[in-house]
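A.B. asks: Have a look at this one before I ask anything.
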Amino acid sequence: MNLTTTVMMILVFFLLCSGIFQFTFASNLRIFNHTSEDKNWTEAQHECNETGGSLVTLYDDEDATFMQKYMTKSSSWFVSSVWLGLTKTRTNVTTWSNGAPFIFNRSSVNINDGQQICEAMDKNTWKGFTCSGKHYFMCYKDNQYVLIEKKKDWCQAELYCRQHYSNLVSISDEEQNQKVIKEGKNKTFWIGLLHDEWEWVDKTCSTYRTWSDLSDSAGTEAKCTVHVQYLFPKPIKPHECFQGATTFCSTGDTRIRVINRTATWEEALDYCEENYISLLWIKDVNDQEAVKQWLEGNGYTGTFWIGLRQSIMFGFWIWKDSPVLESNWKDDKAPEMPFSNQCGVINATDNKWSDENCFNEHPFICAEKILKY
């Protein structure tokens with residue numbers, strides 16, 4: 001290697017490490033922990049806060065399944081009830097996602113206890129739908145209204161709008177209402193109005209609301225919730241906040257999303273960037289543990305594409321735009337040119353990384369940003 005090449009490698013690596021290209025490293029992968037001693041809800045949330053987290057938020061069936069398996073595997077005895085971060089404490093039941101005052105109303109929604117209803121424009125009329133349903137949606141920015149013809153649930157739609165525009169559209173008067181109708185092209189699409197008495201304590205947006213039989217709690221003033229193991233797959237149940245349950249915490253602002261379809265590395269990258277943030281990155285030992293916890297907890301096997309690739313010019317490995325600071329290579333050695341392949345996979349059994357031909361097809365793992373209000 002001549003002096004010029006060496007200097008260029010040092011310069012490029014310095015730029016990567018300087019933070020100029022580090023878009024992804026501001027985030028941490030979500031990781032979980034629990035304690036076996038029963039506590040009331042306030043005590044449990046305080047315990048989670050002490051480690052920089054909060055009582056867990058569930059985002060979908062995969063989260064609930066993971067929690068079920070994790071508690072079964074981690075506990076030496078049967079755990080009946082585990083605290084969730086879902087509480088009945090929202091002061092404004094009907095709110096715009098951008099915090100705008102609710103002064104103009106064309107809604108006919110009346111929610112029942114436990115319901116989460118999001119507003120959409122349907123045949124030029126406001127209509128409530130379950131927030132987990134998938135529809136087109138309308139974003140806005142600087143008085144521009146843009147109909148996005150991709151189907152997402154309400155939280156995913158709001159996250160997309162925040163990443164690419166400003167927010168889901170809010171409506172403050174009839175003139176604006178008519179403009180939204182006109183731009184909507186007679187489609188059914190989400191607007192930014194949410195009806196919900198319940199909220200997650202970490203202030204994140206989740207459309208997961210799989211209750212057990214709420215009639216069991218009729219007439220009670222229970223404002224907290226638990227995940228009840230024996231009620232799975234409908235595990236969420238109201239629970240009096242002063243009663244005891246197991247503490248289950250999570251930290252981190254990025255979800256691990258395993259995609260069980262096969263693709264080349266570039267196809268996987270395109271899919272993740274279109275639907276989430278990017279292919280998965282692993283920046284430190286905490287992220288290593290988070291990935292191990294998620295893959296083992298859900299029983300995944302085989303190899304998966306992650307965001308690792310090798311610079312063809314310089315030979316070092318990067319996470320798309322950021323340096324590899326903490327590695328977990330098979331045989332504890334990064335593959336080197338000229339004998340290496342230029343893309344990286346992770347083995348779900350031992351969590352070791354290895355190089356692969358970028359044109360091979362594998363399932364893959366994306367990173368998904370968690371939306372906070």
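Ligands are numbered from 1 in the order shown, chains are lettered A, B, ... in the order of the structure tokens, and residues start at 1 in each chain.
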Going by DSSP on the backbone, which residues of stretch 262-365 of chain A come out as helix (DSSP H, G or I)? List them as a PyMOL selection string.

C.D. replies: chain A and resi 265-275+285-297+330-332

A.B. asks: Kindly save the residues from that selection, with N, CA and C atoms included, as a PDB file, in the first residue's frame.

C.D. replies:
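Contents of part22.pdb, as written:
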ATOM      1  N   TRP A 265     -28.579  -7.771  -1.068  1.00  0.00           N
ATOM      2  CA  TRP A 265     -28.264  -6.738  -0.077  1.00  0.00           C
ATOM      3  C   TRP A 265     -28.819  -5.383  -0.498  1.00  0.00           C
ATOM      4  N   GLU A 266     -28.640  -5.013  -1.760  1.00  0.00           N
ATOM      5  CA  GLU A 266     -29.138  -3.720  -2.245  1.00  0.00           C
ATOM      6  C   GLU A 266     -30.656  -3.664  -2.195  1.00  0.00           C
ATOM      7  N   GLU A 267     -31.323  -4.761  -2.562  1.00  0.00           N
ATOM      8  CA  GLU A 267     -32.786  -4.795  -2.496  1.00  0.00           C
ATOM      9  C   GLU A 267     -33.267  -4.662  -1.057  1.00  0.00           C
ATOM     10  N   ALA A 268     -32.551  -5.319  -0.136  1.00  0.00           N
ATOM     11  CA  ALA A 268     -32.899  -5.217   1.279  1.00  0.00           C
ATOM     12  C   ALA A 268     -32.722  -3.787   1.778  1.00  0.00           C
ATOM     13  N   LEU A 269     -31.628  -3.152   1.375  1.00  0.00           N
ATOM     14  CA  LEU A 269     -31.388  -1.758   1.761  1.00  0.00           C
ATOM     15  C   LEU A 269     -32.500  -0.855   1.251  1.00  0.00           C
ATOM     16  N   ASP A 270     -32.875  -1.022  -0.018  1.00  0.00           N
ATOM     17  CA  ASP A 270     -33.945  -0.200  -0.596  1.00  0.00           C
ATOM     18  C   ASP A 270     -35.256  -0.406   0.156  1.00  0.00           C
ATOM     19  N   TYR A 271     -35.570  -1.664   0.481  1.00  0.00           N
ATOM     20  CA  TYR A 271     -36.818  -1.962   1.191  1.00  0.00           C
ATOM     21  C   TYR A 271     -36.824  -1.286   2.561  1.00  0.00           C
ATOM     22  N   CYS A 272     -35.729  -1.417   3.292  1.00  0.00           N
ATOM     23  CA  CYS A 272     -35.672  -0.842   4.641  1.00  0.00           C
ATOM     24  C   CYS A 272     -35.755   0.679   4.602  1.00  0.00           C
ATOM     25  N   GLU A 273     -35.080   1.303   3.636  1.00  0.00           N
ATOM     26  CA  GLU A 273     -35.112   2.760   3.551  1.00  0.00           C
ATOM     27  C   GLU A 273     -36.478   3.264   3.105  1.00  0.00           C
ATOM     28  N   GLU A 274     -37.185   2.472   2.328  1.00  0.00           N
ATOM     29  CA  GLU A 274     -38.518   2.860   1.879  1.00  0.00           C
ATOM     30  C   GLU A 274     -39.547   2.703   2.988  1.00  0.00           C
ATOM     31  N   ASN A 275     -39.412   1.667   3.805  1.00  0.00           N
ATOM     32  CA  ASN A 275     -40.456   1.344   4.778  1.00  0.00           C
ATOM     33  C   ASN A 275     -40.081   1.646   6.230  1.00  0.00           C
ATOM     34  N   VAL A 285     -21.838  -2.494  22.375  1.00  0.00           N
ATOM     35  CA  VAL A 285     -22.157  -3.769  23.028  1.00  0.00           C
ATOM     36  C   VAL A 285     -23.621  -3.827  23.451  1.00  0.00           C
ATOM     37  N   ASN A 286     -24.225  -2.684  23.765  1.00  0.00           N
ATOM     38  CA  ASN A 286     -25.645  -2.682  24.116  1.00  0.00           C
ATOM     39  C   ASN A 286     -26.503  -3.070  22.918  1.00  0.00           C
ATOM     40  N   ASP A 287     -26.145  -2.548  21.744  1.00  0.00           N
ATOM     41  CA  ASP A 287     -26.860  -2.943  20.528  1.00  0.00           C
ATOM     42  C   ASP A 287     -26.644  -4.422  20.224  1.00  0.00           C
ATOM     43  N   GLN A 288     -25.427  -4.909  20.448  1.00  0.00           N
ATOM     44  CA  GLN A 288     -25.153  -6.339  20.257  1.00  0.00           C
ATOM     45  C   GLN A 288     -26.105  -7.170  21.113  1.00  0.00           C
ATOM     46  N   GLU A 289     -26.254  -6.776  22.369  1.00  0.00           N
ATOM     47  CA  GLU A 289     -27.117  -7.514  23.285  1.00  0.00           C
ATOM     48  C   GLU A 289     -28.585  -7.387  22.883  1.00  0.00           C
ATOM     49  N   ALA A 290     -28.980  -6.208  22.402  1.00  0.00           N
ATOM     50  CA  ALA A 290     -30.365  -5.999  21.967  1.00  0.00           C
ATOM     51  C   ALA A 290     -30.721  -6.923  20.804  1.00  0.00           C
ATOM     52  N   VAL A 291     -29.815  -7.042  19.835  1.00  0.00           N
ATOM     53  CA  VAL A 291     -30.055  -7.915  18.680  1.00  0.00           C
ATOM     54  C   VAL A 291     -30.107  -9.371  19.119  1.00  0.00           C
ATOM     55  N   LYS A 292     -29.171  -9.774  19.953  1.00  0.00           N
ATOM     56  CA  LYS A 292     -29.155 -11.147  20.466  1.00  0.00           C
ATOM     57  C   LYS A 292     -30.449 -11.456  21.206  1.00  0.00           C
ATOM     58  N   GLN A 293     -30.874 -10.534  22.057  1.00  0.00           N
ATOM     59  CA  GLN A 293     -32.090 -10.721  22.844  1.00  0.00           C
ATOM     60  C   GLN A 293     -33.312 -10.899  21.944  1.00  0.00           C
ATOM     61  N   TRP A 294     -33.402 -10.080  20.896  1.00  0.00           N
ATOM     62  CA  TRP A 294     -34.569 -10.120  20.011  1.00  0.00           C
ATOM     63  C   TRP A 294     -34.586 -11.380  19.146  1.00  0.00           C
ATOM     64  N   LEU A 295     -33.445 -11.731  18.562  1.00  0.00           N
ATOM     65  CA  LEU A 295     -33.395 -12.905  17.689  1.00  0.00           C
ATOM     66  C   LEU A 295     -33.608 -14.190  18.478  1.00  0.00           C
ATOM     67  N   GLU A 296     -32.949 -14.316  19.622  1.00  0.00           N
ATOM     68  CA  GLU A 296     -33.128 -15.511  20.458  1.00  0.00           C
ATOM     69  C   GLU A 296     -34.536 -15.570  21.025  1.00  0.00           C
ATOM     70  N   GLY A 297     -35.035 -14.427  21.485  1.00  0.00           N
ATOM     71  CA  GLY A 297     -36.353 -14.398  22.116  1.00  0.00           C
ATOM     72  C   GLY A 297     -37.470 -14.804  21.185  1.00  0.00           C
ATOM     73  N   LYS A 330     -17.205 -13.415  12.897  1.00  0.00           N
ATOM     74  CA  LYS A 330     -16.874 -14.831  13.035  1.00  0.00           C
ATOM     75  C   LYS A 330     -15.350 -14.975  13.063  1.00  0.00           C
ATOM     76  N   ASP A 331     -14.858 -15.798  13.960  1.00  0.00           N
ATOM     77  CA  ASP A 331     -13.416 -15.999  14.160  1.00  0.00           C
ATOM     78  C   ASP A 331     -12.709 -14.726  14.639  1.00  0.00           C
ATOM     79  N   ASP A 332     -13.521 -13.715  15.067  1.00  0.00           N
ATOM     80  CA  ASP A 332     -12.981 -12.474  15.648  1.00  0.00           C
ATOM     81  C   ASP A 332     -12.043 -11.715  14.713  1.00  0.00           C
TER      82      ASP A 332
END

A.B. asks: Tell me which protein, DNA and RNA residues are within 9 Å of stretch 195-202 of chain A, counting only C-alpha atoms, leaving out same-chain ones fewer than 3 positions away, and put them as a PyMOL selection string.

C.D. replies: chain A and resi 45+53-57+84-95+109-111+113-119+128+205-206+223+372

A.B. asks: Could you write out that same residue set with C-alpha atoms as a compact mmCIF listing (two decimals), in the first residue's frame?

C.D. replies:
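Dumped to out.txt:
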# COMPACT_ATOMS: atom_id res chain seq x y z
CA GLN A 45 -42.16 2.90 36.42
CA GLY A 53 -36.14 3.54 30.29
CA SER A 54 -39.84 3.14 30.96
CA LEU A 55 -42.43 0.43 31.35
CA VAL A 56 -42.70 -1.35 28.04
CA THR A 57 -44.78 -0.20 25.07
CA LEU A 84 -47.33 -2.23 30.69
CA GLY A 85 -46.79 1.48 30.09
CA LEU A 86 -50.39 2.00 28.93
CA THR A 87 -52.39 4.28 31.25
CA LYS A 88 -55.76 6.03 31.16
CA THR A 89 -54.38 9.51 31.75
CA ARG A 90 -54.83 11.44 28.51
CA THR A 91 -56.33 14.83 29.39
CA ASN A 92 -57.53 15.64 25.87
CA VAL A 93 -59.31 12.63 24.41
CA THR A 94 -59.45 14.18 20.92
CA THR A 95 -56.19 15.71 19.69
CA VAL A 109 -66.83 9.63 16.54
CA ASN A 110 -67.81 8.61 20.07
CA ILE A 111 -65.28 6.22 21.56
CA ASP A 113 -63.68 2.51 26.81
CA GLY A 114 -60.47 1.02 25.45
CA GLN A 115 -61.03 2.16 21.88
CA GLN A 116 -58.44 4.03 19.87
CA ILE A 117 -59.98 5.69 16.82
CA CYS A 118 -58.17 7.74 14.20
CA GLU A 119 -59.85 10.04 11.73
CA GLY A 128 -63.28 7.16 12.28
CA CYS A 205 -47.27 6.29 19.23
CA SER A 206 -48.60 2.73 19.08
CA LYS A 223 -56.23 3.35 34.91
CA LYS A 372 -42.70 10.13 20.06

A.B. asks: For A:Gly315, work out the shell of residues within 10 Å, counting only C-alpha atoms and skipping chain neighbours fewer than 6 positions away, then give it as a list in words.

C.D. replies: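 Non-adjacent residues within range: Met9, Arg309, Pro335, Glu336, Met337, Pro338, Ser340 and Gln342 of chain A.
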
A.B. asks: Report as a short mmCIF file (atom, residue, chain, number, x, y, z; two decimals) with C-alpha atoms, in the first residue's frame all protein, DNA and RNA residues lying within 10 Å of stretch 174-177 of chain A, evaluated on only C-alpha atoms, omitting residues in the same chain fewer than 5 positions from it.

C.D. replies:
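Full text of around22.cif as output:
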data_model
loop_
_atom_site.label_atom_id
_atom_site.label_comp_id
_atom_site.auth_asym_id
_atom_site.auth_seq_id
_atom_site.Cartn_x
_atom_site.Cartn_y
_atom_site.Cartn_z
CA PHE A 104 -63.04 22.81 14.02
CA ASN A 105 -65.02 19.59 14.09
CA ARG A 106 -66.62 17.45 11.40
CA MET A 121 -61.23 11.47 5.06
CA ASN A 124 -65.06 13.66 1.35
CA THR A 125 -66.34 13.12 4.90
CA TRP A 126 -64.51 12.65 8.19
CA ASN A 143 -49.22 25.24 3.42
CA VAL A 169 -52.58 17.32 8.05
CA LYS A 182 -59.73 18.65 -3.15
#

A.B. asks: What is the atom CA of A:Gly344 to atom CA of A:Ile370 distance in Å?

C.D. replies: 25.1 Å

A.B. asks: Would you mind telling me which residue in A:Thr225, A:Ala100, A:Phe129, A:Arg261 lies nearest to A:Thr246 when using only C-alpha atoms?

C.D. replies: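 Checking each candidate against A:Thr246, we get A:Thr225 as the closest.
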
A.B. asks: Name the closest residue to A:Leu58 among the candidates A:Asn33, A:Asn112, A:Asn28, A:Thr210; distances are taken between atoms, counting only C-alpha atoms.

C.D. replies: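 Nearest to A:Leu58: A:Thr210.
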
A.B. asks: Enumerate the residues of stretch 57-260 of chain A with a DSSP assignment of strand (DSSP E), computed from the backbone, and present them as an NGL selection string.

C.D. replies: :A and (81-83 or 86-87 or 94-96 or 116-122 or 125-130 or 135-141 or 144-152 or 167-168 or 189-196 or 199-200 or 224-228 or 236-239 or 245-251 or 254-260)

A.B. asks: Select, from A:Lys39, A:Phe102, A:Asp61, A:Ile312, the residue with the minimum atom-to-atom distance to A:Ile236, counting only C-alpha atoms.

C.D. replies: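 Closest residue, counting only C-alpha atoms: A:Asp61.
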
A.B. asks: From the set A:Leu193, A:Ile318, A:Ile171, A:Ile256, which residue has the shortest atom-to-atom contact distance to A:Ala120, counting only C-alpha atoms?

C.D. replies: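 Between A:Leu193, A:Ile318, A:Ile171, A:Ile256, the residue approaching A:Ala120 most closely is A:Leu193.
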
A.B. asks: Considering only C-alpha atoms, return as a PyMOL selection string whatever protein or nucleic-acid residues lie within 6 Å of A:Thr262, sequence-local ones (same chain, fewer than 4 positions apart) excluded.

C.D. replies: chain A and resi 361-363

A.B. asks: Taking N, CA and C atoms for each residue, export the selection above as a PDB file, in the first residue's frame.

C.D. replies:
ATOM      1  N   GLU A 361     -29.263 -14.034  -1.887  1.00  0.00           N
ATOM      2  CA  GLU A 361     -30.534 -13.590  -1.312  1.00  0.00           C
ATOM      3  C   GLU A 361     -30.707 -14.154   0.093  1.00  0.00           C
ATOM      4  N   HIS A 362     -31.073 -13.273   1.015  1.00  0.00           N
ATOM      5  CA  HIS A 362     -31.317 -13.649   2.407  1.00  0.00           C
ATOM      6  C   HIS A 362     -32.496 -12.839   2.937  1.00  0.00           C
ATOM      7  N   PRO A 363     -33.166 -13.322   3.985  1.00  0.00           N
ATOM      8  CA  PRO A 363     -34.024 -12.413   4.745  1.00  0.00           C
ATOM      9  C   PRO A 363     -33.134 -11.340   5.377  1.00  0.00           C
TER      10      PRO A 363
END

A.B. asks: Would you mind listing what lies within 12 Å of stretch 157-161 of chain A as a PyMOL selection string, with only C-alpha atoms counted and same-chain residues fewer than 2 positions away left out?

C.D. replies: chain A and resi 96-98+118+120+131-141+145-155+163-170+189-194+204-207+273-277+368-373

A.B. asks: Could you give me, as number ranges by chain, the residues within 8 Å of A:Ser36, counting only C-alpha atoms and dropping anything in the same chain fewer than 2 positions from it?

C.D. replies: A: 34, 38, 75, 246-247
